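Undergrad: Once you've had a glance at the structure underneath, I'll fire off some questions.
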Amino acid sequence: MAPGGGGAAGARHLYVHLPFCGHRCAYCDFASEPLAVHLASGRVELYLGRVREEFAAADESLAPALETIYLGGGTPTALPREWLLPFVAALAERLQPGGEFTVEANPETVDRHLLEELRAAGVNRLSLGIQSFSEELRRTLGRRVPQAAVDGALAAVRETGWPEWSLDLVYGIPGASGDDLRSDVERALDSGPSHISLYDLTYTDSFVARLRRRSGPQTRELAEAVAEEHYAQVVDRLEEAGYRRYEVSNFAIPGHESRHNQAYWRLRDYLGVGAAAVSTVGLRRWTNPRRVRAYLEGRPPEAETLDERTKLVERAMLGLRTREGVAMAEVGLVLDENGLARMLEAGFARLEDGYLRLGRRGLDLSTSVIADLLLLD
Ligand code: SF4
């Protein structure tokens, strides 16, 4: 049973975390552990079994038919196929007709055969982590992915005809010039995905320390300055190419937005299973242990009960990052009247049809603008 279970059932969105990667990237901030070590110790198979158990035990928190399933990591597609495919097929049985089932993949782990098998197993959306088309910049990120693997994965996606797939890029990579950023975006557009995510690189402490050792103290500042100078231009380019910015970092051909992510941003109930996964059902939230061993040992999740105000603040924070914005009637209680007046006056936000939305510049500066708009404790 889910922690504090017994409440209203019915989350229609499921996240499953598979925290294994062939190699750990230097900038990684996700719950990810070395696949080879866990394979050798037999823990990957145990882990899949434990996830199935957790899923079965949490069933009362789930609707019988799911709107979205998202298999993330880690690198789900790095798992041995004889384990991955039946696991995926079993999850897909819970998807409602027309539901969305996304699997995250990295280029060096996919080929045409696997992509066909995933589709046959019920996956209908792929999220491919390219991060950069430049081998040198990928090396800076500590991503050991040869160019041939990137090209091969994109060819395999094309040949297997995915109607929904996302290509993920990061910007603000140390050493990247404005031309590098533009070139990444152009090559992403040439690949023809239905969705592009363009994330600001997270500078984890360990990544910053590595950078300082290798490239000197100014590297991060320089990279951020380049990113800031050229970001607006690439957003324009994506929109001009028909990709609508529907969230600060996410662009989609209209009608091809990620339904799973939209559910998060609308703060719908969702269940997360696996190490580090978070679930929110009603006012209950629980977070599983981050480490694989702790998860396998059955350590209990950290559980908390949210209050209505916290949920409203979260809803406003997430919703204001999206194109659809938030209904004033829903979040009015957590808005700061003075901040709102200032942001409207400055043109960073606007009111339309009872909705509060950030404009283009407001989205670019969303972190500061949202902090000004909300009554935070
Ligand atoms: S592939 Fe993703 S999850 Fe795995 S180590 Fe790299 S950044 Fe982390």
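Ligands are numbered from 1 in the order shown, residues from 1 within each chain, and chains are lettered A, B, ... in the order they appear in the structure tokens.
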Which residues are near ligand 1 in this structure, taking near to mean any atom at most 10 Å from a ligand atom and counting only C-alpha atoms and all ligand atoms? Format them as a ChimeraX atom specification.
TA: /A:18-35,72-76,78,104-107,129-131,141-145
Undergrad: Print the selection's residues with N, CA and C atoms to a file, as a compact mmCIF listing (two decimals), in the first residue's frame.
TA:
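Saved file part22.txt follows:
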```txt
# COMPACT_ATOMS: atom_id res chain seq x y z
N LEU A 18 14.33 3.86 -14.02
CA LEU A 18 15.34 2.81 -14.18
C LEU A 18 16.71 3.48 -14.10
N PRO A 19 17.35 3.42 -12.94
CA PRO A 19 18.50 4.30 -12.68
C PRO A 19 19.85 3.72 -13.10
N PHE A 20 19.93 3.16 -14.28
CA PHE A 20 21.19 2.53 -14.69
C PHE A 20 21.71 3.18 -15.96
N CYS A 21 23.01 3.46 -15.99
CA CYS A 21 23.64 4.01 -17.19
C CYS A 21 24.95 3.28 -17.44
N GLY A 22 25.30 3.17 -18.72
CA GLY A 22 26.55 2.51 -19.09
C GLY A 22 27.74 3.30 -18.59
N HIS A 23 27.59 4.61 -18.55
CA HIS A 23 28.70 5.47 -18.14
C HIS A 23 28.09 6.72 -17.52
N ARG A 24 28.69 7.21 -16.46
CA ARG A 24 28.09 8.39 -15.81
C ARG A 24 28.65 9.67 -16.42
N CYS A 25 27.76 10.53 -16.90
CA CYS A 25 28.17 11.81 -17.49
C CYS A 25 28.66 12.74 -16.37
N ALA A 26 29.59 13.62 -16.73
CA ALA A 26 30.22 14.48 -15.72
C ALA A 26 29.23 15.43 -15.07
N TYR A 27 28.19 15.83 -15.79
CA TYR A 27 27.28 16.86 -15.26
C TYR A 27 26.02 16.23 -14.63
N CYS A 28 25.98 14.91 -14.57
CA CYS A 28 24.72 14.24 -14.21
C CYS A 28 24.23 14.61 -12.82
N ASP A 29 22.95 14.97 -12.75
CA ASP A 29 22.34 15.30 -11.48
C ASP A 29 21.16 14.37 -11.20
N PHE A 30 21.08 13.31 -12.00
CA PHE A 30 19.94 12.39 -11.87
C PHE A 30 20.32 11.19 -11.00
N ALA A 31 19.33 10.47 -10.56
CA ALA A 31 19.61 9.24 -9.82
C ALA A 31 20.02 8.19 -10.84
N SER A 32 21.31 7.96 -10.95
CA SER A 32 21.82 7.04 -11.97
C SER A 32 23.05 6.34 -11.41
N GLU A 33 23.14 5.05 -11.66
CA GLU A 33 24.27 4.26 -11.13
C GLU A 33 24.80 3.36 -12.24
N PRO A 34 26.05 2.86 -12.06
CA PRO A 34 26.69 2.11 -13.15
C PRO A 34 25.98 0.78 -13.44
N LEU A 35 25.56 0.64 -14.66
CA LEU A 35 24.84 -0.58 -15.06
C LEU A 35 25.70 -1.82 -14.88
N GLY A 72 11.73 6.55 -17.40
CA GLY A 72 12.90 7.44 -17.46
C GLY A 72 14.06 6.88 -16.67
N GLY A 73 15.14 7.63 -16.68
CA GLY A 73 16.31 7.11 -15.96
C GLY A 73 17.30 8.20 -15.65
N GLY A 74 18.53 7.76 -15.52
CA GLY A 74 19.16 6.57 -16.09
C GLY A 74 18.96 6.50 -17.60
N THR A 75 19.26 5.34 -18.09
CA THR A 75 19.09 5.06 -19.52
C THR A 75 18.31 3.76 -19.65
N PRO A 76 16.99 3.83 -19.71
CA PRO A 76 16.21 2.59 -19.78
C PRO A 76 16.67 1.66 -20.91
N ALA A 78 19.46 1.04 -21.99
CA ALA A 78 20.75 0.36 -21.78
C ALA A 78 20.53 -1.03 -21.17
N GLU A 104 12.65 7.00 -22.41
CA GLU A 104 13.88 7.77 -22.63
C GLU A 104 14.96 6.86 -23.19
N ALA A 105 15.75 7.42 -24.10
CA ALA A 105 16.80 6.61 -24.72
C ALA A 105 18.03 7.47 -24.97
N ASN A 106 19.17 6.83 -24.99
CA ASN A 106 20.39 7.51 -25.41
C ASN A 106 20.90 6.86 -26.68
N PRO A 107 21.53 7.65 -27.55
CA PRO A 107 21.84 7.17 -28.90
C PRO A 107 22.64 5.88 -28.95
N GLY A 129 18.09 11.55 -25.91
CA GLY A 129 19.02 12.52 -25.31
C GLY A 129 20.27 12.70 -26.17
N ILE A 130 20.25 13.70 -27.02
CA ILE A 130 21.43 13.98 -27.86
C ILE A 130 22.35 14.94 -27.09
N GLN A 131 21.78 15.97 -26.52
CA GLN A 131 22.46 17.03 -25.74
C GLN A 131 23.28 17.97 -26.60
N LEU A 141 30.89 17.38 -21.58
CA LEU A 141 29.84 16.93 -20.66
C LEU A 141 30.16 15.56 -20.06
N GLY A 142 31.27 14.97 -20.54
CA GLY A 142 31.62 13.63 -20.08
C GLY A 142 30.70 12.58 -20.66
N ARG A 143 30.17 12.85 -21.84
CA ARG A 143 29.28 11.89 -22.50
C ARG A 143 30.06 11.17 -23.58
N ARG A 144 30.31 9.90 -23.35
CA ARG A 144 31.13 9.16 -24.32
C ARG A 144 30.25 8.58 -25.39
N VAL A 145 29.79 9.43 -26.27
CA VAL A 145 28.91 8.96 -27.35
C VAL A 145 29.52 9.37 -28.68
```
Undergrad: Would you mind listing what lies within 6 Å of Ala276 in chain A as a count of residues only, with only C-alpha atoms counted and same-chain residues fewer than 6 positions away left out?
TA: 3
Undergrad: Quick one: residues within 8 Å of range 114-119 of chain A, only C-alpha atoms, excluding same-chain residues fewer than 2 positions away - as a list of chain:residue names?
TA: A:Arg81, A:Leu85, A:Val88, A:Val110, A:Asp111, A:Arg112, A:Ala121, A:Gly122, A:Val123, A:Asn124, A:Ala156, A:Val157, A:Thr160
Undergrad: Assign secondary structure with DSSP using the backbone only, and return the residues of range 19-228 of chain A in helix (DSSP H, G or I) as a PyMOL selection string.
TA: chain A and resi 35-40+43-57+59-61+76-78+81-92+107-109+112-121+135-140+147-160+178-191+205-215+219-228
Undergrad: Quote the spacing between CA of Arg244 in chain A and CA of Arg182 in chain A in Å to one decimal place.
TA: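 Calculated distance between CA of Arg244 in chain A and CA of Arg182 in chain A is 17.5 Å.
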Undergrad: Determine which residues of range 9-242 of chain A DSSP labels as strand (DSSP E or B) from the backbone of this structure, then write them out as a PDB file with C-alpha atoms, in the first residue's frame.
TA:
```pdb
ATOM      1  CA  ALA A  11      -3.717   8.783 -10.455  1.00  0.00           C
ATOM      2  CA  HIS A  13      -0.056   9.140 -14.755  1.00  0.00           C
ATOM      3  CA  LEU A  14       2.795   6.768 -13.991  1.00  0.00           C
ATOM      4  CA  TYR A  15       6.529   7.412 -13.876  1.00  0.00           C
ATOM      5  CA  VAL A  16       8.940   4.477 -13.660  1.00  0.00           C
ATOM      6  CA  HIS A  17      12.593   5.116 -12.884  1.00  0.00           C
ATOM      7  CA  LEU A  18      15.337   2.805 -14.180  1.00  0.00           C
ATOM      8  CA  PHE A  20      21.190   2.534 -14.686  1.00  0.00           C
ATOM      9  CA  CYS A  21      23.640   4.009 -17.192  1.00  0.00           C
ATOM     10  CA  GLU A  33      24.267   4.259 -11.127  1.00  0.00           C
ATOM     11  CA  PRO A  34      26.685   2.106 -13.154  1.00  0.00           C
ATOM     12  CA  LEU A  62      -3.780   4.272  -9.669  1.00  0.00           C
ATOM     13  CA  LEU A  66      -3.526   5.209 -17.421  1.00  0.00           C
ATOM     14  CA  GLU A  67      -3.361   8.291 -19.596  1.00  0.00           C
ATOM     15  CA  THR A  68       0.425   8.426 -19.620  1.00  0.00           C
ATOM     16  CA  ILE A  69       3.374   6.239 -18.696  1.00  0.00           C
ATOM     17  CA  TYR A  70       6.924   7.562 -18.701  1.00  0.00           C
ATOM     18  CA  LEU A  71       9.931   5.274 -18.387  1.00  0.00           C
ATOM     19  CA  GLY A  72      12.895   7.436 -17.464  1.00  0.00           C
ATOM     20  CA  GLY A  73      16.306   7.114 -15.956  1.00  0.00           C
ATOM     21  CA  LEU A  95      -2.300   2.179 -20.806  1.00  0.00           C
ATOM     22  CA  GLN A  96      -5.707   3.393 -21.923  1.00  0.00           C
ATOM     23  CA  PRO A  97      -6.466   3.382 -25.662  1.00  0.00           C
ATOM     24  CA  GLY A  98      -4.836   6.461 -27.156  1.00  0.00           C
ATOM     25  CA  GLY A  99      -2.625   6.896 -24.075  1.00  0.00           C
ATOM     26  CA  GLU A 100       0.963   8.104 -24.245  1.00  0.00           C
ATOM     27  CA  PHE A 101       3.869   5.811 -23.358  1.00  0.00           C
ATOM     28  CA  THR A 102       7.281   7.488 -23.468  1.00  0.00           C
ATOM     29  CA  VAL A 103      10.659   5.823 -23.101  1.00  0.00           C
ATOM     30  CA  GLU A 104      13.879   7.770 -22.633  1.00  0.00           C
ATOM     31  CA  ALA A 105      16.804   6.606 -24.720  1.00  0.00           C
ATOM     32  CA  ARG A 125       6.811   8.163 -27.824  1.00  0.00           C
ATOM     33  CA  LEU A 126      10.588   8.324 -27.651  1.00  0.00           C
ATOM     34  CA  SER A 127      12.729  10.891 -25.881  1.00  0.00           C
ATOM     35  CA  LEU A 128      16.240  10.827 -27.296  1.00  0.00           C
ATOM     36  CA  GLY A 129      19.022  12.524 -25.311  1.00  0.00           C
ATOM     37  CA  ILE A 130      21.427  13.980 -27.856  1.00  0.00           C
ATOM     38  CA  GLN A 131      22.458  17.029 -25.735  1.00  0.00           C
ATOM     39  CA  TRP A 165       9.603  11.790 -30.555  1.00  0.00           C
ATOM     40  CA  SER A 166      11.570  14.359 -28.682  1.00  0.00           C
ATOM     41  CA  LEU A 167      15.154  15.379 -29.238  1.00  0.00           C
ATOM     42  CA  ASP A 168      16.819  16.754 -26.112  1.00  0.00           C
ATOM     43  CA  LEU A 169      19.565  19.380 -26.238  1.00  0.00           C
ATOM     44  CA  VAL A 170      21.356  21.307 -23.529  1.00  0.00           C
ATOM     45  CA  TYR A 171      22.797  24.779 -23.850  1.00  0.00           C
ATOM     46  CA  HIS A 195       9.263  17.860 -29.987  1.00  0.00           C
ATOM     47  CA  ILE A 196      12.502  19.527 -28.898  1.00  0.00           C
ATOM     48  CA  SER A 197      13.614  20.128 -25.322  1.00  0.00           C
ATOM     49  CA  LEU A 198      16.291  22.754 -24.850  1.00  0.00           C
ATOM     50  CA  TYR A 199      17.567  22.657 -21.287  1.00  0.00           C
ATOM     51  CA  ASP A 200      19.884  25.015 -19.520  1.00  0.00           C
TER      52      ASP A 200
END
```
Undergrad: Between CA of Ala120 in chain A and CA of Ala65 in chain A, what distance in Å does the model show, to one decimal?
TA: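 Separating CA of Ala120 in chain A from CA of Ala65 in chain A is a distance of 19.2 Å.
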